[in-house]
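A short write-up of the structure that comes next.
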Amino acid sequence: MCTNKVFKNFFLILFKHLKATSARYKNLTSVGEDGQVKIWSKSGMLRSTLAQQGTPVYSVAWGPDSEKVLYTSGKQLIIKPLQPNAKVLQWKAHDGLILKTDWNSVNDLILSAGEDCKYKVWDSYGRVLYSSQPHEYPITSVAWAGDGELFAVGSFHTLRLCDKTGWSYALEKPNTGSIFNIAWSIDGTQLAGACGNGHVIFAHVVEQRWEWKNFEITLIKRRTMEVHNVINDAVDLLEFRDRVIKASLNYGHLVVSTSLQCYVFSTKNWNTPLIFDLKEGTVSLILQAERHFLLVDGGGLYLYSYEGRLISSPKFPGMRTDILNAQTVSLSNDTLAVKDEADEKVIYIFEALSGKPLGDGKPLTHKTEIVEIALDQKGLTSERKIAFIDKNRDLYITSVKRFGKEQKIVKIGTMVQTLAWNDTSNILCGIQDTRFTVWYYPNTVYVDKDLLPKTLYERDASEFSKNPQIVHFVGNQITIRRADGSLIHLNISPYPAILHEYVSSSKWEDAVRLCRFVKATATDEDQTIWACLAAMAVANKDMATAEIAYASIGEIDKVQYINSIKDLPSKESRMAHILLFSGNTQEAETLLLQAGLIYQAIQVNINLYNWDRALELAVKHKTHVDTVLAYRQKFLEDFGKKETNKRFLQYAEGLEVDWNKIKAKIEMEIAKERERAAASPAVRASVTVQQ
């Protein structure tokens, strides 16, 4: 088992002078050997004494929202809110005295280091995510890089660079004595350490690596990248004027930000990059979609085309770009989604081209805090979906485009640790509990929820160890990073992606042939791909293909229902029953009412036992009140019950049920609908095509 080392070396420079730096804070906090934790104003006025410990306090850190303070007390870590009477969280973190702690505002993770010679990574609830092996000497310093992707560890003659999950990228052994404190530069490319021998050590992060398809790119120096094409072994060197801060490789483009400029390379031509000056601040995040890319810096969000044209700069109230990361921002060709850090239950969704809020302008709101979001990448804007994981580790999916409708957020997974959308088709993968799962057609939950389990691919995930992360989902290959830093590559079936392509092009005959081919090859996935086709056909209202697909997976009751839909006389009735088939009762009723098919709307509610709504429609439109009462009476008689609903008792008073008259009225309604359908050439044509 080999650990993939993205960063191998540090350039080390020793200086004999320490340069003090300052940061912009509203409040300062101090701790000391007197055991007191104090809060101060910027001008040096004592605001409050937050805590009085009986033991020395050696380290302190602000929480991400600046509403809590983390500090050490012997072997304990303590999180104390600033509000009086709020609950204090305290736990034993080390077997020895804790010397240093840090809390990152982007990933909300905590570092601790102690005299037990270990460093540990914690979540904000005090649950350990990583614990290192014992070192030779006590760990005297730990510090997060600003973006929360890396942290540094200092000890006696030791400087270590680690991933946020805990595993080590690089280890250096400088002759410095103990490194007592570490501070990162704002851009996260270099750090300084205060050493026990009176020197200051400076280190620069190099040998970062990016991969996409057949290209492998390595930052070999601070201003130089090496491009390696693994197919033909061609090597190109990319030189930059300033040091490289961030880079992203995807969708056939390499986007690189330096301290002053942005470079956009095409993988087809490395010699002529597009270069433009950055507006302000240091880029903290680059996200790519097929048509454009997003730069995030301290000044805002900026969406650029690959030609270097500024497309839009979305904004929302209280936006803080300094704490955004790849889990809280997601980009597709037409949509940008950003999680609100002030209210973590809210996701703001914008049109990519205009930067304006999407749909009715209201953000998407969930019932609990959201920890990770991801937009699907293909398809129409009107069908765009967003998947997200909440703090309970439940996975949900919903549509991003809404116009005043109630949000239909559906849960499709539990105990999900990580997720990713495919880059070329709307296939979703994730690791939930001990299973690796691929949702070949997540939209199935809106079409036929009972069919969803048949559209999944699952396998055991125990080989990925604890806390694995999905790095890429490109083509049919999924790359997963284990907790020890090693990479695992999984390949899934290519057939679902081909099926998505056929359906997006409305090549239904080709889609059916593909499913039959998969069945003929006697693979285990023939039922899965037929189930995907059934859901896709219903979503696209191609009931002929849906009938074939449902028949192939043995869903005979649904085949019979589809046949009954095909026999309906009018286009509106057929469309309404297709909506009913997908569980969209309200939309089906609205469609029938708009088409003037009042009786059919009433009958739909009777069939679904929505008695109050059926009576409401009958009374409102002054028709078929007796029909509703008759069916209600028959329903109660079948179950040996008596009527107790006051509204039904009121309208049933003095009314005798005559089933012959009711049946005659129903037949008249059906005849009217047939006459209406026959009167319209367009409808006659659609009936012919549908049947």
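We label chains A, B, ... in the order they appear in the structure tokens, count residues from 1 in each chain, and number ligands from 1 in the order shown.
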
Inset, instruction - List the neighbours of range 268-278 of chain A out to 12 Å using only C-alpha atoms; skip same-chain residues closer than 6 positions along the sequence, and give me the result as an NGL selection string. - result: :A and (214-215 or 217 or 225-229 or 234-242 or 251-262 or 295-300 or 302 or 304-310)

Output of the above residues as a short mmCIF file (atom, residue, chain, number, x, y, z; two decimals), in the first residue's frame, restricted to N, CA and C atoms:
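selection.cif, freshly written:
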```
data_model
loop_
_atom_site.label_atom_id
_atom_site.label_comp_id
_atom_site.auth_asym_id
_atom_site.auth_seq_id
_atom_site.Cartn_x
_atom_site.Cartn_y
_atom_site.Cartn_z
N ASN A 214 -5.48 12.01 -19.12
CA ASN A 214 -4.11 11.57 -19.41
C ASN A 214 -3.05 12.61 -19.04
N PHE A 215 -3.42 13.66 -18.31
CA PHE A 215 -2.47 14.71 -17.94
C PHE A 215 -2.16 14.67 -16.44
N ILE A 217 0.06 17.12 -13.75
CA ILE A 217 0.76 18.39 -13.62
C ILE A 217 1.33 18.52 -12.21
N MET A 225 5.66 24.89 -13.35
CA MET A 225 4.87 23.66 -13.39
C MET A 225 5.38 22.74 -14.49
N GLU A 226 5.28 21.44 -14.25
CA GLU A 226 5.66 20.45 -15.26
C GLU A 226 4.41 19.68 -15.68
N VAL A 227 4.14 19.65 -16.99
CA VAL A 227 2.98 18.95 -17.54
C VAL A 227 3.46 17.65 -18.18
N HIS A 228 2.87 16.54 -17.76
CA HIS A 228 3.26 15.24 -18.30
C HIS A 228 2.04 14.57 -18.93
N ASN A 229 2.13 14.29 -20.23
CA ASN A 229 1.09 13.54 -20.94
C ASN A 229 1.47 12.06 -20.89
N ALA A 234 5.03 13.06 -23.42
CA ALA A 234 5.45 14.44 -23.70
C ALA A 234 5.49 15.24 -22.40
N VAL A 235 6.50 16.10 -22.26
CA VAL A 235 6.66 16.93 -21.06
C VAL A 235 6.77 18.39 -21.48
N ASP A 236 5.98 19.25 -20.82
CA ASP A 236 6.04 20.70 -21.05
C ASP A 236 6.30 21.40 -19.73
N LEU A 237 7.06 22.49 -19.78
CA LEU A 237 7.30 23.31 -18.60
C LEU A 237 6.54 24.63 -18.73
N LEU A 238 5.81 25.00 -17.68
CA LEU A 238 5.04 26.24 -17.65
C LEU A 238 5.69 27.18 -16.65
N GLU A 239 6.16 28.34 -17.12
CA GLU A 239 6.82 29.32 -16.26
C GLU A 239 5.87 30.47 -15.94
N PHE A 240 5.91 30.96 -14.69
CA PHE A 240 5.04 32.05 -14.26
C PHE A 240 5.89 33.18 -13.69
N ARG A 241 5.37 34.40 -13.79
CA ARG A 241 6.09 35.57 -13.31
C ARG A 241 6.14 35.61 -11.79
N ASP A 242 5.02 35.22 -11.15
CA ASP A 242 4.92 35.25 -9.70
C ASP A 242 4.68 33.83 -9.18
N TYR A 251 -12.06 19.60 -17.27
CA TYR A 251 -12.79 19.99 -18.49
C TYR A 251 -11.87 20.54 -19.58
N GLY A 252 -10.68 19.97 -19.71
CA GLY A 252 -9.79 20.35 -20.79
C GLY A 252 -9.07 21.67 -20.59
N HIS A 253 -9.08 22.22 -19.36
CA HIS A 253 -8.41 23.49 -19.08
C HIS A 253 -7.68 23.44 -17.75
N LEU A 254 -6.53 24.11 -17.72
CA LEU A 254 -5.80 24.34 -16.48
C LEU A 254 -5.93 25.81 -16.12
N VAL A 255 -6.45 26.09 -14.94
CA VAL A 255 -6.59 27.47 -14.45
C VAL A 255 -5.61 27.65 -13.29
N VAL A 256 -4.73 28.63 -13.41
CA VAL A 256 -3.70 28.88 -12.40
C VAL A 256 -3.80 30.32 -11.93
N SER A 257 -3.82 30.51 -10.62
CA SER A 257 -3.78 31.88 -10.08
C SER A 257 -2.44 32.08 -9.38
N THR A 258 -1.79 33.19 -9.69
CA THR A 258 -0.59 33.60 -8.98
C THR A 258 -0.98 34.75 -8.05
N SER A 259 -0.01 35.40 -7.46
CA SER A 259 -0.33 36.48 -6.53
C SER A 259 -0.93 37.70 -7.22
N LEU A 260 -0.74 37.83 -8.56
CA LEU A 260 -1.23 39.01 -9.26
C LEU A 260 -2.06 38.70 -10.51
N GLN A 261 -1.90 37.50 -11.09
CA GLN A 261 -2.54 37.20 -12.37
C GLN A 261 -3.21 35.84 -12.36
N CYS A 262 -4.08 35.66 -13.38
CA CYS A 262 -4.72 34.37 -13.60
C CYS A 262 -4.34 33.89 -15.00
N LEU A 295 -13.64 32.01 -9.57
CA LEU A 295 -12.56 32.40 -8.67
C LEU A 295 -13.17 32.99 -7.40
N VAL A 296 -12.68 32.55 -6.25
CA VAL A 296 -13.13 33.08 -4.97
C VAL A 296 -11.94 33.74 -4.28
N ASP A 297 -12.10 35.01 -3.91
CA ASP A 297 -11.07 35.67 -3.12
C ASP A 297 -11.73 36.50 -2.03
N GLY A 298 -10.94 37.27 -1.32
CA GLY A 298 -11.48 38.05 -0.21
C GLY A 298 -12.49 39.09 -0.63
N GLY A 299 -12.49 39.46 -1.93
CA GLY A 299 -13.41 40.50 -2.40
C GLY A 299 -14.75 39.99 -2.89
N GLY A 300 -14.86 38.71 -3.25
CA GLY A 300 -16.13 38.20 -3.74
C GLY A 300 -15.99 36.96 -4.59
N TYR A 302 -16.23 35.52 -8.52
CA TYR A 302 -16.10 36.02 -9.88
C TYR A 302 -16.15 34.84 -10.85
N TYR A 304 -15.78 33.54 -14.63
CA TYR A 304 -15.10 33.89 -15.88
C TYR A 304 -15.33 32.81 -16.93
N SER A 305 -15.37 33.24 -18.20
CA SER A 305 -15.33 32.28 -19.30
C SER A 305 -13.88 31.85 -19.50
N TYR A 306 -13.66 30.76 -20.25
CA TYR A 306 -12.29 30.31 -20.51
C TYR A 306 -11.56 31.23 -21.49
N GLU A 307 -12.27 32.24 -22.02
CA GLU A 307 -11.64 33.28 -22.84
C GLU A 307 -11.22 34.47 -21.98
N GLY A 308 -11.45 34.38 -20.65
CA GLY A 308 -11.02 35.44 -19.75
C GLY A 308 -12.03 36.55 -19.56
N ARG A 309 -13.25 36.39 -20.05
CA ARG A 309 -14.28 37.42 -19.92
C ARG A 309 -15.03 37.25 -18.60
N LEU A 310 -15.18 38.33 -17.84
CA LEU A 310 -15.94 38.28 -16.60
C LEU A 310 -17.42 38.13 -16.92
#
```

Inset, instruction - Might you pull out every residue within 9 Å of Phe436 in chain A, with only C-alpha atoms counted and same-chain residues fewer than 2 positions away left off, and present them as a VMD selection string? - result: chain A and resid 429 to 434 438 457 to 462

Report as a JSON list (two decimals) with N, CA and C atoms, in the first residue's frame all protein, DNA and RNA residues lying within 12 Å of Phe517 in chain A, evaluated on only C-alpha atoms, omitting residues in the same chain fewer than 5 positions from it.
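File out38.json, as written:
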```json
[["chain", "number", "residue", "atom", "x", "y", "z"],
["A", 495, "TYR", "N", -22.30, 1.35, -19.20],
["A", 495, "TYR", "CA", -23.61, 1.33, -19.86],
["A", 495, "TYR", "C", -24.58, 2.41, -19.37],
["A", 499, "LEU", "N", -26.51, 5.11, -21.68],
["A", 499, "LEU", "CA", -27.97, 5.23, -21.64],
["A", 499, "LEU", "C", -28.38, 6.69, -21.43],
["A", 510, "ASP", "N", -32.47, 3.21, -29.62],
["A", 510, "ASP", "CA", -31.09, 2.85, -29.29],
["A", 510, "ASP", "C", -30.97, 2.48, -27.80],
["A", 511, "ALA", "N", -31.70, 3.20, -26.96],
["A", 511, "ALA", "CA", -31.68, 2.92, -25.52],
["A", 511, "ALA", "C", -32.22, 1.53, -25.22],
["A", 512, "VAL", "N", -33.32, 1.17, -25.89],
["A", 512, "VAL", "CA", -33.90, -0.17, -25.70],
["A", 512, "VAL", "C", -32.93, -1.24, -26.19],
["A", 522, "ALA", "N", -25.53, -11.36, -20.27],
["A", 522, "ALA", "CA", -25.70, -12.10, -19.01],
["A", 522, "ALA", "C", -24.93, -11.46, -17.85],
["A", 523, "THR", "N", -24.91, -10.11, -17.81],
["A", 523, "THR", "CA", -24.28, -9.42, -16.68],
["A", 523, "THR", "C", -25.30, -9.27, -15.55],
["A", 525, "GLU", "N", -26.15, -6.56, -14.20],
["A", 525, "GLU", "CA", -26.72, -5.22, -14.17],
["A", 525, "GLU", "C", -27.89, -5.03, -15.13],
["A", 526, "ASP", "N", -28.38, -6.11, -15.75],
["A", 526, "ASP", "CA", -29.46, -5.93, -16.73],
["A", 526, "ASP", "C", -30.72, -5.36, -16.09],
["A", 529, "ILE", "N", -30.16, -1.53, -15.41],
["A", 529, "ILE", "CA", -30.22, -0.63, -16.56],
["A", 529, "ILE", "C", -31.64, -0.54, -17.11],
["A", 530, "TRP", "N", -32.41, -1.65, -17.02],
["A", 530, "TRP", "CA", -33.82, -1.59, -17.42],
["A", 530, "TRP", "C", -34.60, -0.66, -16.48]]
```

Inset, instruction - Check range 122-202 of chain A with DSSP on the backbone and list each residue it calls strand (DSSP E), as a ChimeraX atom specification. - result: /A:122,128-131,141-144,150-155,158-163,168-172,179-184,190-195,200-202

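For the choices A:Gln133, A:Asn584, A:Asn325, A:Tyr599, the atom-to-atom distance to Glu667 in chain A is smallest for A:Tyr599 when using only C-alpha atoms.
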
Write out as a compact mmCIF listing (two decimals) with N, CA, C and O atoms, in the first residue's frame which residues come within 7 Å of range 110-117 of chain A when counting only C-alpha atoms, dropping same-chain ones fewer than 2 positions away.
```txt
# COMPACT_ATOMS: atom_id res chain seq x y z
N HIS A 94 -5.69 14.28 25.30
CA HIS A 94 -4.36 13.68 25.25
C HIS A 94 -4.03 13.01 26.57
O HIS A 94 -4.67 13.28 27.60
N ASP A 95 -3.02 12.16 26.53
CA ASP A 95 -2.54 11.50 27.75
C ASP A 95 -1.47 12.31 28.45
O ASP A 95 -1.02 11.94 29.54
N GLY A 96 -1.03 13.38 27.82
CA GLY A 96 -0.06 14.29 28.42
C GLY A 96 -0.56 15.72 28.34
O GLY A 96 -1.64 16.00 27.79
N LEU A 97 0.22 16.64 28.86
CA LEU A 97 -0.14 18.05 28.84
C LEU A 97 -0.32 18.54 27.40
O LEU A 97 0.52 18.27 26.53
N ILE A 98 -1.42 19.25 27.12
CA ILE A 98 -1.66 19.79 25.78
C ILE A 98 -0.94 21.13 25.66
O ILE A 98 -1.14 22.04 26.46
N LEU A 99 -0.09 21.22 24.62
CA LEU A 99 0.75 22.41 24.45
C LEU A 99 0.21 23.38 23.41
O LEU A 99 0.49 24.57 23.48
N LYS A 100 -0.55 22.88 22.44
CA LYS A 100 -0.97 23.75 21.33
C LYS A 100 -2.29 23.27 20.75
O LYS A 100 -2.55 22.06 20.69
N THR A 101 -3.11 24.24 20.32
CA THR A 101 -4.37 23.90 19.65
C THR A 101 -4.67 24.96 18.59
O THR A 101 -4.16 26.09 18.65
N ASP A 102 -5.48 24.60 17.60
CA ASP A 102 -5.88 25.53 16.54
C ASP A 102 -7.24 25.10 16.00
O ASP A 102 -7.55 23.90 15.98
N TRP A 103 -8.04 26.08 15.56
CA TRP A 103 -9.41 25.81 15.09
C TRP A 103 -9.57 26.54 13.76
O TRP A 103 -9.44 27.76 13.69
N ASN A 104 -9.86 25.79 12.69
CA ASN A 104 -9.96 26.40 11.37
C ASN A 104 -11.36 26.89 11.07
O ASN A 104 -12.35 26.19 11.32
N ASP A 108 -13.95 23.89 9.99
CA ASP A 108 -14.50 23.73 11.34
C ASP A 108 -13.83 22.57 12.10
O ASP A 108 -14.46 21.95 12.96
N TYR A 119 -0.20 14.33 17.69
CA TYR A 119 -1.11 15.39 17.26
C TYR A 119 -2.41 14.73 16.81
O TYR A 119 -2.42 13.59 16.33
N LYS A 120 -3.52 15.45 17.01
CA LYS A 120 -4.84 14.87 16.71
C LYS A 120 -5.70 15.88 15.97
O LYS A 120 -5.52 17.10 16.11
N VAL A 121 -6.66 15.34 15.19
CA VAL A 121 -7.65 16.16 14.49
C VAL A 121 -9.02 15.82 15.06
O VAL A 121 -9.38 14.63 15.19
N TRP A 122 -9.80 16.85 15.41
CA TRP A 122 -11.12 16.68 16.02
C TRP A 122 -12.17 17.44 15.22
O TRP A 122 -11.85 18.43 14.56
N ASP A 123 -13.42 16.99 15.31
CA ASP A 123 -14.51 17.85 14.82
C ASP A 123 -14.94 18.76 15.97
O ASP A 123 -14.44 18.65 17.10
N SER A 124 -15.86 19.66 15.70
CA SER A 124 -16.24 20.66 16.70
C SER A 124 -17.14 20.09 17.81
O SER A 124 -17.53 20.82 18.72
N PRO A 134 2.84 8.01 18.03
CA PRO A 134 3.72 8.81 18.91
C PRO A 134 5.02 9.19 18.20
O PRO A 134 5.63 8.37 17.52
N HIS A 135 5.40 10.46 18.33
CA HIS A 135 6.67 10.92 17.80
C HIS A 135 7.78 10.71 18.83
O HIS A 135 7.53 10.29 19.97
N GLU A 136 9.00 11.04 18.45
CA GLU A 136 10.14 10.85 19.35
C GLU A 136 10.15 11.89 20.45
O GLU A 136 10.58 11.62 21.58
N TYR A 137 9.63 13.10 20.11
CA TYR A 137 9.63 14.21 21.07
C TYR A 137 8.22 14.81 21.15
O TYR A 137 7.40 14.61 20.25
N PRO A 138 7.93 15.58 22.23
CA PRO A 138 6.61 16.24 22.32
C PRO A 138 6.34 17.13 21.11
O PRO A 138 7.26 17.75 20.55
N ILE A 139 5.07 17.21 20.72
CA ILE A 139 4.64 18.09 19.62
C ILE A 139 4.43 19.48 20.23
O ILE A 139 3.59 19.66 21.11
N THR A 140 5.20 20.45 19.76
CA THR A 140 5.19 21.78 20.39
C THR A 140 4.38 22.81 19.61
O THR A 140 4.10 23.90 20.14
N SER A 141 3.99 22.51 18.36
CA SER A 141 3.19 23.49 17.59
C SER A 141 2.39 22.80 16.51
O SER A 141 2.83 21.81 15.92
N VAL A 142 1.19 23.32 16.25
CA VAL A 142 0.34 22.92 15.12
C VAL A 142 -0.35 24.17 14.61
O VAL A 142 -0.65 25.09 15.38
```

Legend entry - Near-His157 in chain A list (8 Å; only C-alpha atoms; drop same-chain fewer than 2 positions) as a ChimeraX atom specification: /A:155,159,173-179

Legend entry - Selected residue of minimal separation from Arg291 in chain A among A:Glu673, A:Asp233, A:Asp334, A:Glu555, counting only C-alpha atoms: A:Asp334

So that I can check the surroundings of Leu191 in chain A, please list as a CSV table (one decimal) with C-alpha atoms, in the first residue's frame every protein, DNA and RNA residue that reaches within 6 Å of it, counting only C-alpha atoms and ignoring chain neighbours fewer than 2 positions away.
```csv
chain,number,residue,atom,x,y,z
A,183,ALA,CA,2.2,31.0,11.2
A,184,TRP,CA,1.0,30.5,7.6
A,185,SER,CA,0.9,33.2,5.0
A,202,PHE,CA,10.6,29.7,6.5
A,203,ALA,CA,9.1,26.9,4.4
```

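Compared by their closest atoms to Met415 in chain A, and using only C-alpha atoms, the residues A:Leu428, A:Ile389, A:Val264, A:Ile397 rank with A:Ile389 nearest.
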
Legend entry - Test item: residues at most 8 Å from range 623-629 of chain A, only C-alpha atoms, excluding those fewer than 6 positions along its chain, as a ChimeraX atom specification: /A:599,602,606,611,614-615,648,652,655,657,662

Considering only C-alpha atoms, tabulate each residue of range 308-347 of chain A that lies at most 12 Å from range 50-67 of chain A along with its nearest interatomic pair and the corresponding distance in Å to one decimal; arrange the rows by chain and ascending residue number and present them as a tab-separated table.
```
residue	atom	partner	partner_atom	distance
A:Arg320	CA	A:Asp65	CA	11.1
A:Asp322	CA	A:Pro64	CA	10.9
A:Ile323	CA	A:Pro64	CA	8.6
A:Leu324	CA	A:Pro64	CA	11.8
A:Glu341	CA	A:Asp65	CA	8.8
A:Ala342	CA	A:Asp65	CA	8.2
A:Asp343	CA	A:Asp65	CA	10.9
A:Glu344	CA	A:Asp65	CA	11.6
```

Take the residues just selected and output them with C-alpha atoms as a JSON list (two decimals), in the first residue's frame.
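Output (out-v2.json):
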```
[["chain", "number", "residue", "atom", "x", "y", "z"],
["A", 320, "ARG", "CA", -18.15, 35.81, 3.67],
["A", 322, "ASP", "CA", -12.95, 33.86, 3.25],
["A", 323, "ILE", "CA", -14.58, 30.73, 4.71],
["A", 324, "LEU", "CA", -15.89, 29.16, 1.49],
["A", 341, "GLU", "CA", -22.20, 30.32, 6.53],
["A", 342, "ALA", "CA", -24.29, 32.62, 8.73],
["A", 343, "ASP", "CA", -27.32, 30.30, 8.54],
["A", 344, "GLU", "CA", -26.08, 26.85, 7.60]]
```

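Nearest-residue note for Asp423 in chain A: choosing from A:Met319, A:Ala289, A:Ala551, A:Leu395, the minimum distance belongs to A:Ala289, counting only C-alpha atoms.
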
Using only C-alpha atoms, I'd like a table of the residues in range 202-292 of chain A that come within 12 Å of range 160-165 of chain A; for each, show the closest atom pair and its distance in Å rounded to one decimal, ordered by chain and ascending number, as CSV.
```
residue,atom,partner,partner_atom,distance
A:Ala203,CA,A:Leu161,CA,10.1
A:His204,CA,A:Leu161,CA,10.6
A:Val205,CA,A:Leu161,CA,8.7
A:Val206,CA,A:Leu161,CA,11.0
A:Gln208,CA,A:Asp163,CA,12.0
```
